[in-house]
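Undergrad: One structure coming up, written as structure tokens, with questions to follow.
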Amino acid sequence: MAIGELVRDLRTSRGWSQGRLASEINDAFGTNLDREYVSRWERSKVTPGPYYLRCLSAVLDVPLAVLEGEVKRRTFLSDVAATAIAPVVASDLLSAGFAARLAKGPTADDWEAKLATYGTEYMSLGAADIQRRVTGELVAVQQQLDTPQLWSVAARLMTLYAKTFPGSDGAKAVNWYRMAAKAADESGDEHTRVWVRGRAAIALGYEGASLGVADVLADQALAISDKPSLGLLNAVMGKAHAAAIRGDHTTARKLMDEGRRVFDAAASYEQTSDYAVPWWRMNVFTSLLAARLGDESAAVAAQEAARRELPATLPRFATHLEMHRGLMLARSGDRSGGVAYARAALDELPPEKHSLTLRLLMSEVERS
């Protein structure tokens, strides 16, 4: 996606005209932009310079690194090598990738089985473990993108890989989510296209990071299909969290109600996969959303409902619920008590079970 296309998507996700975007920048930074100049950006007739990239970053609520990344695009393979792995490891991965190509690699069914395994392991393993393993899988599957099904596999692997980076660090998580969306489009599979975007939206919304991008991806998912699905559910709940963080409680509550309706039609029975949203996981989403809205009764009800069905093998999610209570305490005025409560919950979880999302949640409690 070019920088102009990204600016347009972020603008339209807020319901702004080109003139409104120009006005927002002018009001915030004392510039003298007009609608036509914004139009030239969006049509890629002009590329925003460093100063205007900073302006766009501020008013569109997107990390500067993401905008800069669109100006200086990286290839898929160099992104893998540059973001996660040392040169000697990159050499091994490149060798494995070409070996996979020469050997024709795993079958599509083999890849689907791998995805199922990673979906389960993501729920209990730490981000670093998942990241190391998925890096190698991405290099291998890159050599096999000959069919729509394998593009679908790649898109879902890329989404999982993105989850191993905190959304707040800027370009890495967001760039991977957006590449995953493009890969999903190459698959032509509606379910994959919606799921990838929805999963990214709930990840960013839950983390409270890159809310503008969360809205864009959620809106794209909603535009692709309004059929009840787990992807649609994730998209709706992601938008709800973004609205709550911005202080738009009316919209957040409407979206929460819509999410419940979608959940009633599309909930999954699988309990321990990142590709599933059973009753307990929906209540984890709701618990944090209600805490952000200051609705203590709804948050406590969601926490109690989640605990009744949460598998004992997933202690990390029990920690999420406890940290939501810490957030409620902090927001109610007892900041020190809330921080201490959340910190105690996090410290009780073995360090190897910590996730980047939990660390971001801890930061949110400390800021409240």
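The chains in the structure tokens are called A, B, ... from first to last as shown; in each chain the residues are counted from 1, and the ligands are counted from 1 in the order shown.
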Which neighbours of Ala243 in chain A fall inside 7 Å, counting only C-alpha atoms, when residues of the same chain fewer than 6 positions from it are skipped, and could you give them as a tab-separated table (two decimals) with C-alpha atoms, in the first residue's frame?
TA:
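Heads up, here's the output in around_35.tsv:
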chain	number	residue	atom	x	y	z
A	249	HIS	CA	-18.35	5.65	25.40
A	251	THR	CA	-20.07	4.24	20.39
A	252	ALA	CA	-18.14	1.73	22.48
Undergrad: For Ala240 in chain A, list every protein, DNA or RNA residue within 9 Å, evaluated using only C-alpha atoms, and leave out those in the same chain fewer than 4 positions away; present the list as a PDB file with C-alpha atoms, in the first residue's frame.
TA:
ATOM      1  CA  ILE A 202      -8.877  -6.693  18.367  1.00  0.00           C
ATOM      2  CA  GLY A 205      -7.660  -2.273  20.274  1.00  0.00           C
ATOM      3  CA  ALA A 235     -13.353  -6.446  14.193  1.00  0.00           C
ATOM      4  CA  VAL A 236     -16.389  -5.137  16.095  1.00  0.00           C
ATOM      5  CA  ALA A 244     -13.569   3.394  24.670  1.00  0.00           C
ATOM      6  CA  ILE A 245      -9.932   4.481  24.850  1.00  0.00           C
ATOM      7  CA  HIS A 249     -18.348   5.654  25.401  1.00  0.00           C
ATOM      8  CA  THR A 251     -20.070   4.243  20.385  1.00  0.00           C
ATOM      9  CA  ALA A 252     -18.138   1.726  22.482  1.00  0.00           C
ATOM     10  CA  ARG A 253     -21.322   0.513  24.184  1.00  0.00           C
ATOM     11  CA  LYS A 254     -23.177   0.202  20.883  1.00  0.00           C
ATOM     12  CA  LEU A 255     -20.323  -1.815  19.435  1.00  0.00           C
ATOM     13  CA  MET A 256     -20.176  -4.005  22.550  1.00  0.00           C
ATOM     14  CA  GLY A 259     -20.320  -7.785  19.344  1.00  0.00           C
ATOM     15  CA  LEU A 289     -13.819  -3.035  27.700  1.00  0.00           C
TER      16      LEU A 289
END
Undergrad: For Leu346 in chain A, please output as a ChimeraX atom specification all residues within 12 Å (counting only C-alpha atoms; exclusion window: fewer than 3 positions along the same chain).
TA: /A:315-324,326,339-343,349-363,365
Undergrad: Write a file of the selected residues as a JSON list (two decimals), in the first residue's frame, keeping N, CA and C atoms.
TA:
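This is the output file again.json:
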[["chain", "number", "residue", "atom", "x", "y", "z"],
["A", 315, "PRO", "N", -3.12, -20.02, 32.38],
["A", 315, "PRO", "CA", -3.03, -19.06, 33.49],
["A", 315, "PRO", "C", -2.81, -17.62, 33.04],
["A", 316, "ARG", "N", -2.26, -17.42, 31.85],
["A", 316, "ARG", "CA", -2.02, -16.06, 31.38],
["A", 316, "ARG", "C", -3.31, -15.27, 31.28],
["A", 317, "PHE", "N", -4.39, -15.93, 30.89],
["A", 317, "PHE", "CA", -5.65, -15.21, 30.73],
["A", 317, "PHE", "C", -6.31, -14.94, 32.08],
["A", 318, "ALA", "N", -6.05, -15.80, 33.07],
["A", 318, "ALA", "CA", -6.49, -15.49, 34.43],
["A", 318, "ALA", "C", -5.78, -14.23, 34.93],
["A", 319, "THR", "N", -4.51, -14.07, 34.53],
["A", 319, "THR", "CA", -3.77, -12.87, 34.90],
["A", 319, "THR", "C", -4.38, -11.64, 34.24],
["A", 320, "HIS", "N", -4.81, -11.77, 32.99],
["A", 320, "HIS", "CA", -5.50, -10.65, 32.33],
["A", 320, "HIS", "C", -6.67, -10.18, 33.19],
["A", 321, "LEU", "N", -7.49, -11.11, 33.65],
["A", 321, "LEU", "CA", -8.68, -10.75, 34.42],
["A", 321, "LEU", "C", -8.31, -10.03, 35.71],
["A", 322, "GLU", "N", -7.27, -10.50, 36.38],
["A", 322, "GLU", "CA", -6.84, -9.85, 37.61],
["A", 322, "GLU", "C", -6.31, -8.43, 37.32],
["A", 323, "MET", "N", -5.62, -8.27, 36.21],
["A", 323, "MET", "CA", -5.10, -6.95, 35.88],
["A", 323, "MET", "C", -6.22, -6.00, 35.48],
["A", 324, "HIS", "N", -7.31, -6.54, 34.93],
["A", 324, "HIS", "CA", -8.48, -5.70, 34.65],
["A", 324, "HIS", "C", -9.03, -5.13, 35.96],
["A", 326, "GLY", "N", -7.23, -4.49, 38.56],
["A", 326, "GLY", "CA", -6.30, -3.43, 38.92],
["A", 326, "GLY", "C", -6.60, -2.14, 38.18],
["A", 339, "VAL", "N", -2.35, -0.17, 40.84],
["A", 339, "VAL", "CA", -1.04, -0.55, 40.30],
["A", 339, "VAL", "C", -0.47, -1.72, 41.09],
["A", 340, "ALA", "N", -0.59, -1.67, 42.42],
["A", 340, "ALA", "CA", -0.06, -2.76, 43.24],
["A", 340, "ALA", "C", -0.79, -4.06, 42.96],
["A", 341, "TYR", "N", -2.11, -3.99, 42.79],
["A", 341, "TYR", "CA", -2.91, -5.19, 42.52],
["A", 341, "TYR", "C", -2.51, -5.81, 41.18],
["A", 342, "ALA", "N", -2.40, -4.97, 40.15],
["A", 342, "ALA", "CA", -2.04, -5.47, 38.82],
["A", 342, "ALA", "C", -0.62, -6.01, 38.81],
["A", 343, "ARG", "N", 0.29, -5.33, 39.49],
["A", 343, "ARG", "CA", 1.68, -5.78, 39.53],
["A", 343, "ARG", "C", 1.79, -7.12, 40.24],
["A", 349, "LEU", "N", 2.53, -14.65, 37.79],
["A", 349, "LEU", "CA", 2.64, -15.46, 36.58],
["A", 349, "LEU", "C", 4.12, -15.69, 36.27],
["A", 350, "PRO", "N", 4.54, -16.93, 35.99],
["A", 350, "PRO", "CA", 5.96, -17.17, 35.65],
["A", 350, "PRO", "C", 6.41, -16.28, 34.49],
["A", 351, "PRO", "N", 7.59, -15.71, 34.56],
["A", 351, "PRO", "CA", 8.05, -14.78, 33.52],
["A", 351, "PRO", "C", 7.98, -15.35, 32.11],
["A", 352, "GLU", "N", 8.24, -16.65, 31.96],
["A", 352, "GLU", "CA", 8.20, -17.23, 30.62],
["A", 352, "GLU", "C", 6.80, -17.27, 30.03],
["A", 353, "LYS", "N", 5.78, -17.02, 30.86],
["A", 353, "LYS", "CA", 4.40, -17.00, 30.40],
["A", 353, "LYS", "C", 3.93, -15.58, 30.07],
["A", 354, "HIS", "N", 4.77, -14.59, 30.36],
["A", 354, "HIS", "CA", 4.36, -13.21, 30.12],
["A", 354, "HIS", "C", 4.20, -12.96, 28.62],
["A", 355, "SER", "N", 3.26, -12.11, 28.30],
["A", 355, "SER", "CA", 3.06, -11.71, 26.90],
["A", 355, "SER", "C", 3.29, -10.21, 26.79],
["A", 356, "LEU", "N", 3.50, -9.75, 25.57],
["A", 356, "LEU", "CA", 3.67, -8.33, 25.33],
["A", 356, "LEU", "C", 2.38, -7.58, 25.65],
["A", 357, "THR", "N", 1.24, -8.22, 25.43],
["A", 357, "THR", "CA", -0.04, -7.59, 25.73],
["A", 357, "THR", "C", -0.17, -7.32, 27.22],
["A", 358, "LEU", "N", 0.27, -8.25, 28.06],
["A", 358, "LEU", "CA", 0.22, -8.05, 29.50],
["A", 358, "LEU", "C", 1.10, -6.87, 29.92],
["A", 359, "ARG", "N", 2.24, -6.72, 29.29],
["A", 359, "ARG", "CA", 3.11, -5.61, 29.64],
["A", 359, "ARG", "C", 2.47, -4.27, 29.27],
["A", 360, "LEU", "N", 1.81, -4.25, 28.12],
["A", 360, "LEU", "CA", 1.11, -3.03, 27.73],
["A", 360, "LEU", "C", -0.05, -2.73, 28.67],
["A", 361, "LEU", "N", -0.73, -3.78, 29.12],
["A", 361, "LEU", "CA", -1.82, -3.60, 30.06],
["A", 361, "LEU", "C", -1.29, -3.04, 31.38],
["A", 362, "MET", "N", -0.14, -3.52, 31.82],
["A", 362, "MET", "CA", 0.47, -3.00, 33.04],
["A", 362, "MET", "C", 0.77, -1.51, 32.88],
["A", 363, "SER", "N", 1.26, -1.13, 31.74],
["A", 363, "SER", "CA", 1.55, 0.29, 31.49],
["A", 363, "SER", "C", 0.27, 1.12, 31.52],
["A", 365, "VAL", "N", -2.43, 0.51, 33.29],
["A", 365, "VAL", "CA", -2.83, 0.65, 34.69],
["A", 365, "VAL", "C", -1.97, 1.74, 35.36]]
Undergrad: Please return, as a PyMOL selection string, all residues of range 11-58 of chain A that DSSP assigns to alpha helix (DSSP H) on the basis of the backbone.
TA: chain A and resi 11-13+18-29+35-42+50-58
Undergrad: Do you know which residues are at most 12 Å from Pro48 in chain A counting only C-alpha atoms, after dropping those on the same chain fewer than 3 positions away, and could you put them as a PDB file with N, CA and C atoms, in the first residue's frame?
TA:
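Saved result, result-v8.pdb, follows:
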ATOM      1  N   ALA A   2       0.591   2.218  -0.869  1.00  0.00           N
ATOM      2  CA  ALA A   2       1.356   3.449  -0.923  1.00  0.00           C
ATOM      3  C   ALA A   2       0.942   4.355   0.227  1.00  0.00           C
ATOM      4  N   ILE A   3       1.782   5.350   0.511  1.00  0.00           N
ATOM      5  CA  ILE A   3       1.497   6.278   1.597  1.00  0.00           C
ATOM      6  C   ILE A   3       0.162   6.975   1.370  1.00  0.00           C
ATOM      7  N   GLY A   4      -0.136   7.323   0.122  1.00  0.00           N
ATOM      8  CA  GLY A   4      -1.394   8.015  -0.160  1.00  0.00           C
ATOM      9  C   GLY A   4      -2.608   7.170   0.170  1.00  0.00           C
ATOM     10  N   VAL A   7      -3.033   7.107   3.990  1.00  0.00           N
ATOM     11  CA  VAL A   7      -3.617   8.365   4.478  1.00  0.00           C
ATOM     12  C   VAL A   7      -5.107   8.405   4.198  1.00  0.00           C
ATOM     13  N   LEU A  33      -2.486  24.220   5.029  1.00  0.00           N
ATOM     14  CA  LEU A  33      -2.852  23.219   4.027  1.00  0.00           C
ATOM     15  C   LEU A  33      -4.251  23.478   3.490  1.00  0.00           C
ATOM     16  N   TYR A  37      -4.177  19.895  -1.513  1.00  0.00           N
ATOM     17  CA  TYR A  37      -2.871  19.336  -1.172  1.00  0.00           C
ATOM     18  C   TYR A  37      -3.030  17.940  -0.578  1.00  0.00           C
ATOM     19  N   VAL A  38      -4.062  17.761   0.266  1.00  0.00           N
ATOM     20  CA  VAL A  38      -4.343  16.433   0.809  1.00  0.00           C
ATOM     21  C   VAL A  38      -4.692  15.477  -0.328  1.00  0.00           C
ATOM     22  N   SER A  39      -5.470  15.962  -1.292  1.00  0.00           N
ATOM     23  CA  SER A  39      -5.827  15.140  -2.441  1.00  0.00           C
ATOM     24  C   SER A  39      -4.587  14.689  -3.204  1.00  0.00           C
ATOM     25  N   ARG A  40      -3.615  15.568  -3.342  1.00  0.00           N
ATOM     26  CA  ARG A  40      -2.379  15.218  -4.057  1.00  0.00           C
ATOM     27  C   ARG A  40      -1.602  14.153  -3.288  1.00  0.00           C
ATOM     28  N   TRP A  41      -1.608  14.219  -1.952  1.00  0.00           N
ATOM     29  CA  TRP A  41      -0.999  13.138  -1.169  1.00  0.00           C
ATOM     30  C   TRP A  41      -1.674  11.819  -1.466  1.00  0.00           C
ATOM     31  N   GLU A  42      -3.000  11.831  -1.388  1.00  0.00           N
ATOM     32  CA  GLU A  42      -3.752  10.583  -1.502  1.00  0.00           C
ATOM     33  C   GLU A  42      -3.673   9.994  -2.908  1.00  0.00           C
ATOM     34  N   ARG A  43      -3.469  10.821  -3.898  1.00  0.00           N
ATOM     35  CA  ARG A  43      -3.322  10.317  -5.276  1.00  0.00           C
ATOM     36  C   ARG A  43      -1.861  10.022  -5.604  1.00  0.00           C
ATOM     37  N   SER A  44      -0.985  10.119  -4.592  1.00  0.00           N
ATOM     38  CA  SER A  44       0.452   9.858  -4.745  1.00  0.00           C
ATOM     39  C   SER A  44       1.103  10.782  -5.762  1.00  0.00           C
ATOM     40  N   LYS A  45       0.534  11.975  -5.897  1.00  0.00           N
ATOM     41  CA  LYS A  45       1.160  12.978  -6.751  1.00  0.00           C
ATOM     42  C   LYS A  45       2.299  13.678  -6.003  1.00  0.00           C
ATOM     43  N   TYR A  51       8.230  16.592   7.978  1.00  0.00           N
ATOM     44  CA  TYR A  51       7.412  17.437   8.847  1.00  0.00           C
ATOM     45  C   TYR A  51       5.942  17.033   8.752  1.00  0.00           C
ATOM     46  N   TYR A  52       5.438  16.875   7.539  1.00  0.00           N
ATOM     47  CA  TYR A  52       4.032  16.534   7.380  1.00  0.00           C
ATOM     48  C   TYR A  52       3.744  15.093   7.787  1.00  0.00           C
ATOM     49  N   LEU A  53       4.730  14.233   7.703  1.00  0.00           N
ATOM     50  CA  LEU A  53       4.534  12.885   8.241  1.00  0.00           C
ATOM     51  C   LEU A  53       4.291  12.950   9.743  1.00  0.00           C
ATOM     52  N   ARG A  54       5.023  13.823  10.430  1.00  0.00           N
ATOM     53  CA  ARG A  54       4.798  13.969  11.869  1.00  0.00           C
ATOM     54  C   ARG A  54       3.416  14.546  12.145  1.00  0.00           C
ATOM     55  N   CYS A  55       2.981  15.496  11.322  1.00  0.00           N
ATOM     56  CA  CYS A  55       1.640  16.066  11.483  1.00  0.00           C
ATOM     57  C   CYS A  55       0.569  14.998  11.278  1.00  0.00           C
ATOM     58  N   LEU A  56       0.712  14.218  10.231  1.00  0.00           N
ATOM     59  CA  LEU A  56      -0.258  13.159   9.942  1.00  0.00           C
ATOM     60  C   LEU A  56      -0.269  12.125  11.050  1.00  0.00           C
ATOM     61  N   SER A  57       0.908  11.784  11.564  1.00  0.00           N
ATOM     62  CA  SER A  57       0.997  10.824  12.654  1.00  0.00           C
ATOM     63  C   SER A  57       0.184  11.292  13.851  1.00  0.00           C
ATOM     64  N   LEU A  67       4.069   5.405   8.951  1.00  0.00           N
ATOM     65  CA  LEU A  67       4.025   6.299   7.791  1.00  0.00           C
ATOM     66  C   LEU A  67       5.378   6.336   7.081  1.00  0.00           C
ATOM     67  N   GLU A  68       6.439   6.408   7.852  1.00  0.00           N
ATOM     68  CA  GLU A  68       7.771   6.405   7.248  1.00  0.00           C
ATOM     69  C   GLU A  68       8.032   5.094   6.517  1.00  0.00           C
ATOM     70  N   GLU A  70       5.905   3.384   4.900  1.00  0.00           N
ATOM     71  CA  GLU A  70       5.238   3.386   3.597  1.00  0.00           C
ATOM     72  C   GLU A  70       6.020   4.189   2.573  1.00  0.00           C
ATOM     73  N   VAL A  71       6.797   5.141   3.055  1.00  0.00           N
ATOM     74  CA  VAL A  71       7.629   5.912   2.130  1.00  0.00           C
ATOM     75  C   VAL A  71       8.834   5.099   1.686  1.00  0.00           C
TER      76      VAL A  71
END
Undergrad: Compare A:Met237, A:Val262, A:Ile25, A:Ala200 by their minimum atom-to-atom distance to Asp274 in chain A, counting only C-alpha atoms, and give me the closest one.
TA: A:Ala200
Undergrad: So, counting only C-alpha atoms, which residue among A:Ala116, A:Ala140, A:Ala301, A:Ala155 is closest to Tyr275 in chain A?
TA: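 Answer, going by the shortest atom-to-atom distance: A:Ala116.
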